[in-house]
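*Asks:* One structure is given below, represented as structure tokens, and several questions about it will come after.
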Amino acid sequence: MVPPRLLLLANIASTSAFVLPFFGQTPMTVGNLDSDFKCDLPPVLDPAGDGLPSATSLFSSDEALERQVKRHQAIVRVPSVSYDNLGEIGEDERWKPFYELLPVIQKTYPTLHKRAKLEKINTFGLLYTLEGSDPSLKPTVLLAHQDVVPVADESTWTYPPFEAHFDGEYIWGRGASDDKNSLTGILSAIEGLLSESDWEPRRTVILAFGFDEEVGLNQGAGQISKVLHERYGDDSAAIILDEGGFGSQPLDGDTVYVHPAITEKGNINLFFELRAKGGHSSVPLPHTGIGIISEIVVALE
């Protein structure tokens, strides 16, 4: 069994709300707790017979844990910070760490770089392609971002943010969990498959790593997506896996149920209009309009 500390878990998030008319707009329902809709479940797949090395064999030993710690530390130690006011690539000195990150990745994951095609998109965007044997199958796209948010005050950190200190259980560092964990996880999984077997995918596998996710995605993922769209067209991916919520639910014994994230987080503006009977403050109703609307806010929160 893979230790829980090595599992990257995901969680399903859902919302339900009713949007009331605003400035003449038509009411619409977002989600419905009473809906009879049910997701179609695909057939159960048993990965034990796929001929590939198991996650347990690749990542559960003490040796594997030590290897993963070193891999993750190498990437976290590169201060690839993106800022809101970054200047042009090649002109602003703050882009310099991004030049350092690719050589670290190449050194840490040599087999991937022997087997996959690497394209640099807008200088720092990394697009890896492992061609599948069946061109009729839509590709799998795995996403992560190389950049991290700035460090406001290093003195508030338990350990220096780019030291990647490992205390025996956690790696402490800026980006260790947003989103260089995804970067390390994806690269390690593919490196493991390519190194431990004669694996060649039937379905093309694409790894796409942007570099400005924290400040708008325009120069990194925005440019990579244009390349992929021009190359493959609309609705051309079988699955796109990106960072998201995470969680797990322990079952009986040592069994851990992983919550897969199957939705994409977005945003919505809600406008509520409440009409309630009036009255005199000397004989108030059991529930006031303010109290009722407050319950709605609390329930949504």
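By order of appearance in the structure tokens: chains A, B, ..., then residues from 1 within every chain, and ligands from 1 in the order shown.
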Give one line per residue of region 45-122 of chain A that approaches region 164-178 of chain A to at most 8 Å, naming the two atoms of the closest pair and their distance in Å to one decimal, counting only C-alpha atoms; sort by chain then ascending residue number and deliver it as a tab-separated table.
*Replies:*
```
residue	atom	partner	partner_atom	distance
A:Val69	CA	A:Ile171	CA	7.6
A:His72	CA	A:Ala176	CA	7.7
A:Gln73	CA	A:Ala164	CA	5.2
A:Val76	CA	A:Ala164	CA	6.0
A:Arg77	CA	A:Ala164	CA	5.9
```
*Asks:* For the residues selected in the previous step, produce a file with C-alpha atoms as a compact mmCIF listing (two decimals), in the first residue's frame.
*Replies:*
```
# COMPACT_ATOMS: atom_id res chain seq x y z
CA VAL A 69 12.37 14.03 -1.42
CA HIS A 72 11.14 17.67 -4.99
CA GLN A 73 13.80 19.59 -3.10
CA VAL A 76 11.52 23.80 -4.80
CA ARG A 77 14.99 25.31 -4.32
```
*Asks:* As a ChimeraX atom specification, which residues of region 5-169 of chain A does DSSP assign to strand (DSSP E or B)?
*Replies:* /A:17-19,28-30,81,117-121,125-130,140-145,148,165-166
*Asks:* Give me, as a PyMOL selection string, all polymer residues having an atom no more than 10 Å from Glu213 (chain A), counting only C-alpha atoms and skipping those fewer than 5 positions away in the same chain.
*Replies:* chain A and resi 82+144-149+179+218-222
*Asks:* The selected residues should be written to file as a CSV table (one decimal), in the first residue's frame (atoms: N, CA and C atoms).
*Replies:*
```csv
chain,number,residue,atom,x,y,z
A,82,SER,N,6.8,34.5,-9.7
A,82,SER,CA,6.1,35.3,-10.7
A,82,SER,C,5.5,36.5,-10.0
A,144,ALA,N,0.7,21.4,-15.0
A,144,ALA,CA,1.3,21.9,-13.7
A,144,ALA,C,1.9,23.3,-14.0
A,145,HIS,N,2.2,24.1,-13.0
A,145,HIS,CA,2.9,25.3,-13.3
A,145,HIS,C,4.2,25.4,-12.5
A,146,GLN,N,5.1,26.1,-13.1
A,146,GLN,CA,6.5,26.2,-12.6
A,146,GLN,C,6.6,27.3,-11.6
A,147,ASP,N,5.8,28.3,-11.7
A,147,ASP,CA,5.9,29.5,-10.9
A,147,ASP,C,5.3,29.4,-9.5
A,148,VAL,N,5.8,30.3,-8.6
A,148,VAL,CA,5.3,30.4,-7.2
A,148,VAL,C,5.0,31.8,-6.9
A,149,VAL,N,4.2,32.0,-5.8
A,149,VAL,CA,3.9,33.4,-5.4
A,149,VAL,C,5.1,34.0,-4.6
A,179,ASP,N,2.8,25.0,-7.0
A,179,ASP,CA,2.2,23.7,-7.5
A,179,ASP,C,3.4,22.8,-7.9
A,218,ASN,N,-1.4,34.3,-18.9
A,218,ASN,CA,-1.3,34.8,-20.3
A,218,ASN,C,-0.1,34.4,-21.1
A,219,GLN,N,1.1,34.5,-20.5
A,219,GLN,CA,2.3,34.2,-21.2
A,219,GLN,C,2.7,32.7,-21.2
A,220,GLY,N,2.2,32.0,-20.2
A,220,GLY,CA,2.6,30.6,-20.1
A,220,GLY,C,1.5,29.7,-20.7
A,221,ALA,N,0.5,29.3,-19.8
A,221,ALA,CA,-0.6,28.4,-20.2
A,221,ALA,C,-1.4,29.0,-21.4
A,222,GLY,N,-1.5,30.3,-21.4
A,222,GLY,CA,-2.3,30.9,-22.5
A,222,GLY,C,-1.6,30.7,-23.8
```
*Asks:* Between A:Ser282, A:Asn267, A:Thr111, A:Ser155, which has the minimum distance to Ser188 (chain A) (counting only C-alpha atoms)?
*Replies:*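 For Ser188 (chain A), the nearest of the candidates is A:Thr111.
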